[in-house]
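Since the structure comes first, as structure tokens, the remarks are kept for the end.
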Protein chains: 2
Amino acid sequence: MIDLGRLRALHAVASYKTVLAAGEALHCTPSAVSQQLAKLERETGTTLVEKDGRGLRLTEAGRLLAQHAERVMATVDEAEAALAAHRDTVVGRLTVVAFATACRALLPWALHKLAAEHPQLSTGLIEANPHEGLEALHRGHVDLAVLDDWPEVALRYPPGIAHVELGWDVADLIVPSGHATAGTTTLAQLGSERWISAKAGDICHEWLVRVLPGVQPDFHVGEFETQLTLIAAGLGVAIIPRLARPPQLPTGVRIVAINPAPRRRVVVAWREAAAARPAIKAAERALRESWDQASAARASRTVNAPA
Amino acid sequence: MIDLGRLRALHAVASYKTVLAAGEALHCTPSAVSQQLAKLERETGTTLVEKDGRGLRLTEAGRLLAQHAERVMATVDEAEAALAAHRDTVVGRLTVVAFATACRALLPWALHKLAAEHPQLSTGLIEANPHEGLEALHRGHVDLAVLDDWPEVALRYPPGIAHVELGWDVADLIVPSGHATAGTTTLAQLGSERWISAKAGDICHEWLVRVLPGVQPDFHVGEFETQLTLIAAGLGVAIIPRLARPPQLPTGVRIVAINPAPRRRVVVAWREAAAARPAIKAAERALRESWDQASAARASRTVNAPA
DNA sequence: CCGAGGATGTAGGGTCGCTACATGATTGAC
DNA sequence: GTCAATCATGTAGCGACCCTACATCCTCGG
């Protein structure tokens, strides 16, 4: 395979007519250019230049190869330009993993915005709990992870994974309307309730049994909406994060604030190796906007129609 | 400018999926491939590969650059192929310098044949005496020289110039029909003739004054046909090479053989540096055929209509 | 839990390419 | 005609680079 440096030397000589000028253009001595040409001739087994007075002249073969050298160099330039453009462009495929509530409350808007602003970006979404999400991210199966991180069962971020906090999601106790509880309570007072919780293995369930040792939930359902239905039926109580709470609570349930409020951090994480990728940054921005928007919507609901 | 070896490494990894296999394909160790990739990443400031389990996986940017690498390598291959084809093809421009008689007697047929057999070759012809021709060849103004080389004023071939003999061209004395000379003579007997010769500086003139010291030609004309006309007018005698003799001698002149016959070597010369060029070889072959044809034509004329 | 398989660091040696200088060749000017 | 300027090209030496060998780390499968 012909060496690129030699082609550059030949092309420079073809352009500047003299080894001296070519050397200046290539920022080296004429001797270096001459040696490159000699090696190119040896390697190709072709005479490329001929003496012409005190200068030199390209042979037919030399001109031919110089033309091709120009094409090669142009192709290399295209490659560099494409790479540089890629560096500044939101392109390619971006797969996001997110916990269930985020999939419903944050991702639709964020992914829609990404698609609208960056038509060259194709996106994908996978629902998974934070542990699975972090694993998938670490293994490179996904490019971005949206995780809920309960302080009491804090996630461990492997080295090479960067993460930032979108914000805190507070959780409240939801009880049947007729339940005998004040407007505010503490976790310690809740030991004897009948509990509705997520499925075993889910981080919300882990969290519950961690903060209320000894509690054995009787109902295990994955979706918070289903939990609310069960609560409305008077079967028990549950702790439901506000992000997961539907805009309109079903009738028959009541919100009880817990003090101190249980809360989870919502974070977005990516591989540090991919941190510079514009698609990653754009997605993080979109998620943050989506978060702010969801927070604002909750705030306005609280003002207009206090829970 | 991106290094070609690094692009080859990236492309091999893209093709073979693993650094190990890429190393085998490139006939080097996986460590070398890995280092090339690392350097390519450093030089481009882009992440090109990511870990994937115990193997690795190309990033978007890596795939992009690998595609361009394929194009670059294809372009380089084209250059090599074009050069290889050029090595075996009669193409380009071939300029020939020849002495006057050769321009008339050899070159038309030879150049016509070259053009017919090699449409991609464009030719040129310059008339010049052997000294000028050798100079032009040496300086690279022409690619091929057809020279007449009189042993008595032998040419000096500079180093780097190769030459082969086409054949010997014998010269005869041409005298007016009524001239008092036998059918054969010697140079020594011709000291007192009135001489018709080429212009001063021409090699034929140089040759004449060299072999007949003291002779001072009275007539100096460049073309042998004109010399024949002068001879027919009874103004003097001349020595005319057979190659220059027209098929039909004008009336009023007679051929006298000289013993030993004066003769000149007709040679074709080229720069050794260009010896491998197919166009040179083809032209030399064409000239030799042209020479043989001219010799055969003279021979048949001699048989059918003895001079 | 351990072994196989794969990537990637580190040290060392060999090659390659460049620089500086000298040489050869050619041109143009005085 | 001679001399100086210009240009290409050899040679020696030095530095950079690249590759190999070996060790290490990580991951996957039993």
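The way I read the labels, and the way they are meant: chains A, B, ... in the order of the structure tokens, residue 1 as the first residue of every chain, and ligand 1 as the first ligand shown, with later ones counted on from there.
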Among range 140-248 of chain B, which residues carry a DSSP assignment of strand (DSSP E), reported as a PyMOL selection string?
chain B and resi 144-149+161-176+184-185+196-197+219-220+238-241
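For chain D, the residues having at least one atom no farther than 9 Å from chain A, when counting only C-alpha atoms (C1' of nucleotides), are DT6, DC7, DA8 and DT9 of chain D.
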Within 6 Å of chain B, which residues of chain A show up when using only C-alpha atoms, listed as a PyMOL selection string?
chain A and resi 68+72+75+79
Residues of chain C within 12 Å of chain B, counting only C-alpha atoms (C1' of nucleotides) - could you list those as JSON, numbers by chain?
{"C": [4, 5, 6, 7, 8, 9, 10, 26]}
Quick one: distance from C1' of DA22 in chain C to CA of Ala21 in chain A in Å, one decimal?
20.9 Å
Any idea what's packed within 10 Å of Trp291 in chain A, counting only C-alpha atoms (C1' of nucleotides), ignoring anything in its chain fewer than 4 positions away? Could you give it as number ranges by chain?
A: 102, 105-107, 109-110, 166-167, 243, 266, 285-287, 295-297
Test item, alpha helix (DSSP H) assignment across range 9-198 of chain B, answer as an NGL selection string
:B and (9-16 or 19-25 or 30-44 or 60-87 or 100-105 or 107-117 or 130-138)
Could you give me, as a ChimeraX atom specification, the residues within 12 Å of DC21 in chain C, counting only C-alpha atoms (C1' of nucleotides) and dropping anything in the same chain fewer than 3 positions from it?
/A:31 /D:10-13
So what do you get for CA of Arg265 in chain B versus CA of Pro217 in chain B, distance-wise?
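Separating CA of Arg265 in chain B from CA of Pro217 in chain B is a distance of 23.6 Å.
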